[in-house]
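Q: Dumping the structure here so I can ask a few things about it.
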Amino acid sequence: MNRWVALALALGLGVAAPAVAQDASSLKDEVKTRLGQVEQGLDDWDVPGAKRELAAVEQLIPFDVEPLKYYQGRVAFEEGRYDDAVGLLEGANIEDKPGSYLRLAKDTRDIVKSHERAESEHFIFFYPKGKEAVLVPYALETLEAIHRAMAEDLGWTPPGGKIRVEVVNNARELSKVSTLTEKQIRTTGTIAICKFNKLMVTSPKAVAQGYDWQDTLAHEYIHLVVSQMSRNTVPIWLHEGLAKFLESRWRGKAGLAMTPSTQALLGKRVKADTLIPFEKMHPSIALLPTAEDAATAFAEVFYAIDYVHQSKGSAGLRAVVHELKAGQTDKKAVEAAMGMPFALFEKTWLSHIKKQPFPSELVPRDDRVVLKEDAKNKSKEDGEKKGREISFGDFNEVAEVPARKFAHLGELLRERNRVKAAAEEYAKAHKLVGDKYESVSNKYALALLELKRLDEAESVLRGSLRVHPGSPATNVHLGRILLHRKDYPKSKTAYLEALASDPFDPEIHVALTRIHGALGETALATRAKAATVVLTGLEPAEVDQLAQQFLREEGVLSETNVPATGGAPSKPAAPATGPTDAGR
């Protein structure tokens with residue numbers, strides 16, 4: 001029996017007997033049953049059901065009874081009424097210690113109390129004041145799209161009003177509003193959590209290279225759907241498999257979230273026979289010892305659900321969830337959905353994994369979340385302009401020493417404005433490593449752009465995107481070429497791909513202002529202009545002028561002159577002093 005139920009029964013509850021005659025024993029039995037149902041409803045992610053039971057209890061016992069205040073506080077917390085939750089939990093004499101509901105309510109209240117809010121049909125989006133305003137329209141579009149997709153695929157629409165989505169500034173805040181420690185968050189690269197009847201996500205500004213924040217919103221929403229739909233009976237390996245496999249449904253079909261770098265890692269672990277057993281993933285993949293273990297586990301469960309979906313379609317996914325809700329174990333649920341013993345499922349699932357097109361060599365992981373404060377090479381300050389994007393630390397990831405030396409020399413030459421010679425050195429590096437490293441590909445492409453060799457630059461960038469899909473820098477560079485050619489639909493796709501990982505790059509929004517305007521998408525152009533105003537401090541009229549002139553000259557494709565903190569657009573960097581580049 002829950003201790004709060006027991007406490008309620010120990011109190012003199014008979015004094016609050018309802019009008020209908022009822023003996024004390026019968027009243028205590030009813031209170032016991034209903035408080036148990038409140039607890040069960042909260043455990044099952046059924047907040048509306050818990051609230052209905054709690055309303056019935058409120059008619060049976062005095063309003064100042066501690067167990068009643070405790071459950072009222074729990075419901076208030078799940079509904080996002082944090083001030084009410086703190087008062088009620090304090091009234092229930094809950095100890096204010098790490099991990100307690102009182103501490104969670106206090107910390108969450110303090111973190112989000114000054115947040116702005118925006119609403120759509122099914123969501124309320126809370127975000128810090130400042131540049132996170134740029135996220136709002138894109139976030140709500142993503143959430144509404146995944147809401148529609150999950151109603152179609154899983155047949156579930158969350159009851160109980162609009163769903164809260166809370167954006168936090170950094171890992172420290174994410175730790176405070178969740179039950180994870182900062183160490184656990186940093187170790188596994190956890191960037192968002194679905195718990196307490198809401199979605200909690202970290203702002204992309206906290207991550208050195210950004211992250212796939214729109215896919216992440218969709219991923220966490222799927223967790224909410226699965227938890228509610230199953231009454232919280234789905235084990236973590238199936239939970240994460242469903243969320244990872246379905247997260248791309250907001251932008252298209254399921255199963256698009258697996259990257260070549262993660263496939264390469266999975267291939268390595270398969271070869272070494274070091275896969276993570278399903279049972280080791282409980283209670284959370286975020287609690288696995290290393291980020292590589294977490295990435296491996298995500299890949300494993302992705303392909304488990306991929307196999308179910310290939311075999312039985314969305315009906316198979318729904319069947320697994322319904323069987324678990326009905327009380328089956330995970331193995332029995334899979335057996336019922338797939339029509340085969342679980343041992344055979346594991347065998348065929350492993351065969352399914354081994355059939356995947358693993359890269360022949362390990363690709364640097366591009367799904368790692370590196371927080372800015374943890375980055376070895378500190379990211380540029382938000383206000384620093386990109387200019388010609390000269391940097392040397394990017395090549396630290398290049399394991400092949402000859403390629404790294406060629407790339408480093410290329411950067412030295414490009415810094416000295418000897419672009420033709422730089423391109424030759426980058427070409428040598430690229431010949432050695434191919435599309436393996438984003439840094440090599442992008443620096444090579446920038447040099448080619450300076451030389452006005454657009455077709456070659458485009459080929460290099462598209463090759464890089466096949467290995468590193470979604471890379472914001474690569475998509476921005478590709479977008480420049482396409483926009484310069486006035487290929488507005490394709491340039492729009494490239495810049496939106498960049499925005500899905502790095503929404504705070506002003507260039508993206510300037511480009512989209514011009515692109516949407518050229519396509520006659522007036523509302524979208526206005527949205528992009530508003531984002532540019534937020535990120536640059538320019539006046540709307542200045543943004544219009546900047547957008548109209550943006551990338552019309554071939555000579556500026558290798559750099560950006562978009563201000564990041566206000567003021568007039570900067571002029572392109574002056575050539576370095578010294579001899580001009582006449583080759584080596």
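Chain labels run A, B, ... following the order of the structure tokens; each chain numbers its residues from 1, and ligands are numbered from 1 in the order shown.
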Tell me, which residues of range 81-121 of chain A carry DSSP helix (DSSP H, G or I), written as a list of chain:residue names?

A: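 Of range 81-121 of chain A, the ones in helix (DSSP H, G or I) are A:Tyr82, A:Asp83, A:Asp84, A:Ala85, A:Val86, A:Gly87, A:Leu88, A:Leu89, A:Glu90, A:Gly91, A:Tyr101, A:Leu102, A:Arg103, A:Leu104, A:Ala105, A:Lys106, A:Asp107, A:Thr108, A:Arg109, A:Asp110, A:Ile111, A:Val112.
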
Q: Could you give me, as a Markdown table, every range 305-380 of chain A residue with an atom at most 8 Å from range 143-154 of chain A, plus its closest atom pair and distance in Å to one decimal, counting only C-alpha atoms, rows ordered by chain then number?

A:
| residue | atom | partner | partner_atom | distance |
| --- | --- | --- | --- | --- |
| A:Ser314 | CA | A:Asp153 | CA | 5.7 |
| A:Ala315 | CA | A:Leu154 | CA | 8.0 |
| A:Leu317 | CA | A:Leu154 | CA | 7.3 |
| A:Arg318 | CA | A:Leu154 | CA | 5.6 |

Q: Kindly save the residues from that selection, with N, CA and C atoms included, as a tab-separated table (two decimals), in the first residue's frame.

A:
chain	number	residue	atom	x	y	z
A	314	SER	N	2.59	-0.70	-39.87
A	314	SER	CA	2.20	0.04	-38.66
A	314	SER	C	1.29	-0.79	-37.77
A	315	ALA	N	0.53	-1.70	-38.36
A	315	ALA	CA	-0.34	-2.58	-37.56
A	315	ALA	C	0.49	-3.42	-36.60
A	317	LEU	N	3.36	-2.50	-35.23
A	317	LEU	CA	3.79	-1.62	-34.14
A	317	LEU	C	2.66	-1.43	-33.14
A	318	ARG	N	1.45	-1.18	-33.65
A	318	ARG	CA	0.30	-1.01	-32.76
A	318	ARG	C	0.03	-2.29	-31.97

Q: Work out how far CA of Pro260 in chain A is from CA of Ser284 in chain A, in Å to one decimal.

A: 24.2 Å

Q: Show me a table, sorted first by chain and then by increasing residue number, of the residues of range 119-140 of chain A having an atom at most 12 Å from range 240-257 of chain A, each with its shortest atom pair and the distance in Å to one decimal, counting only C-alpha atoms and written as a Markdown table.

A:
| residue | atom | partner | partner_atom | distance |
| --- | --- | --- | --- | --- |
| A:Tyr138 | CA | A:Trp250 | CA | 11.5 |
| A:Ala139 | CA | A:Trp250 | CA | 11.0 |
| A:Leu140 | CA | A:Trp250 | CA | 11.2 |

Q: With a distance cut-off of 7 Å and only C-alpha atoms, select the neighbouring residues of Glu220 in chain A, excluding the residue or stretch itself and same-chain residues fewer than 4 positions from it, and output the selection as a JSON list (two decimals) with all heavy atoms, in the first residue's frame.

A:
[["chain", "number", "residue", "atom", "x", "y", "z"],
["A", 193, "ILE", "N", 14.19, 15.13, -22.81],
["A", 193, "ILE", "CA", 13.56, 14.10, -21.99],
["A", 193, "ILE", "C", 12.05, 14.27, -22.08],
["A", 193, "ILE", "O", 11.54, 15.40, -22.13],
["A", 193, "ILE", "CB", 14.00, 14.22, -20.51],
["A", 193, "ILE", "CG1", 15.51, 14.00, -20.38],
["A", 193, "ILE", "CG2", 13.25, 13.21, -19.64],
["A", 193, "ILE", "CD1", 16.05, 14.38, -19.02],
["A", 194, "CYS", "N", 11.34, 13.16, -22.10],
["A", 194, "CYS", "CA", 9.89, 13.17, -21.97],
["A", 194, "CYS", "C", 9.54, 12.55, -20.62],
["A", 194, "CYS", "O", 9.80, 11.36, -20.39],
["A", 194, "CYS", "CB", 9.25, 12.38, -23.11],
["A", 194, "CYS", "SG", 7.46, 12.21, -22.93],
["A", 199, "LEU", "N", 7.29, 17.53, -22.60],
["A", 199, "LEU", "CA", 8.56, 17.38, -23.29],
["A", 199, "LEU", "C", 9.52, 18.45, -22.78],
["A", 199, "LEU", "O", 9.14, 19.62, -22.65],
["A", 199, "LEU", "CB", 8.40, 17.54, -24.80],
["A", 199, "LEU", "CG", 7.19, 16.89, -25.48],
["A", 199, "LEU", "CD1", 7.29, 17.07, -26.99],
["A", 199, "LEU", "CD2", 7.10, 15.42, -25.13],
["A", 216, "THR", "N", 14.37, 15.75, -32.69],
["A", 216, "THR", "CA", 14.36, 15.48, -31.24],
["A", 216, "THR", "C", 12.99, 15.80, -30.64],
["A", 216, "THR", "O", 12.48, 15.04, -29.80],
["A", 216, "THR", "CB", 15.46, 16.29, -30.54],
["A", 216, "THR", "OG1", 16.74, 15.86, -31.04],
["A", 216, "THR", "CG2", 15.42, 16.08, -29.03],
["A", 224, "LEU", "N", 5.91, 10.29, -25.43],
["A", 224, "LEU", "CA", 4.69, 10.65, -24.72],
["A", 224, "LEU", "C", 3.52, 9.81, -25.20],
["A", 224, "LEU", "O", 2.74, 9.27, -24.40],
["A", 224, "LEU", "CB", 4.39, 12.14, -24.92],
["A", 224, "LEU", "CG", 3.16, 12.66, -24.18],
["A", 224, "LEU", "CD1", 3.58, 13.31, -22.86],
["A", 224, "LEU", "CD2", 2.39, 13.67, -25.01]]

Q: Taking a cut-off of 10 Å and counting only C-alpha atoms, can you build a table that, for each residue of range 420-475 of chain A near range 499-522 of chain A, reports the nearest atom pair and how far apart they are in Å (one decimal), sorted by chain then residue number, as a tab-separated table?

A:
residue	atom	partner	partner_atom	distance
A:Gly470	CA	A:Ser501	CA	7.2
A:Ser471	CA	A:Ser501	CA	7.4
A:Pro472	CA	A:Ser501	CA	6.0
A:Ala473	CA	A:Asp502	CA	8.7
A:Asn475	CA	A:Leu499	CA	9.1

Q: Would you mind exporting the chosen residues as a short mmCIF file (atom, residue, chain, number, x, y, z; two decimals), in the first residue's frame, restricted to C-alpha atoms?

A:
data_model
loop_
_atom_site.label_atom_id
_atom_site.label_comp_id
_atom_site.auth_asym_id
_atom_site.auth_seq_id
_atom_site.Cartn_x
_atom_site.Cartn_y
_atom_site.Cartn_z
CA GLY A 470 21.83 17.07 -42.14
CA SER A 471 25.17 18.82 -41.60
CA PRO A 472 24.28 22.51 -41.15
CA ALA A 473 27.55 23.91 -42.54
CA ASN A 475 23.83 22.52 -46.31
#

Q: So that I can see what lies close to Pro277 in chain A, please list as a PyMOL selection string the residues with an atom at most 10 Å from it, counting only C-alpha atoms and leaving out residues fewer than 2 positions away in the same chain.

A: chain A and resi 237+274-275+279-282+297+300
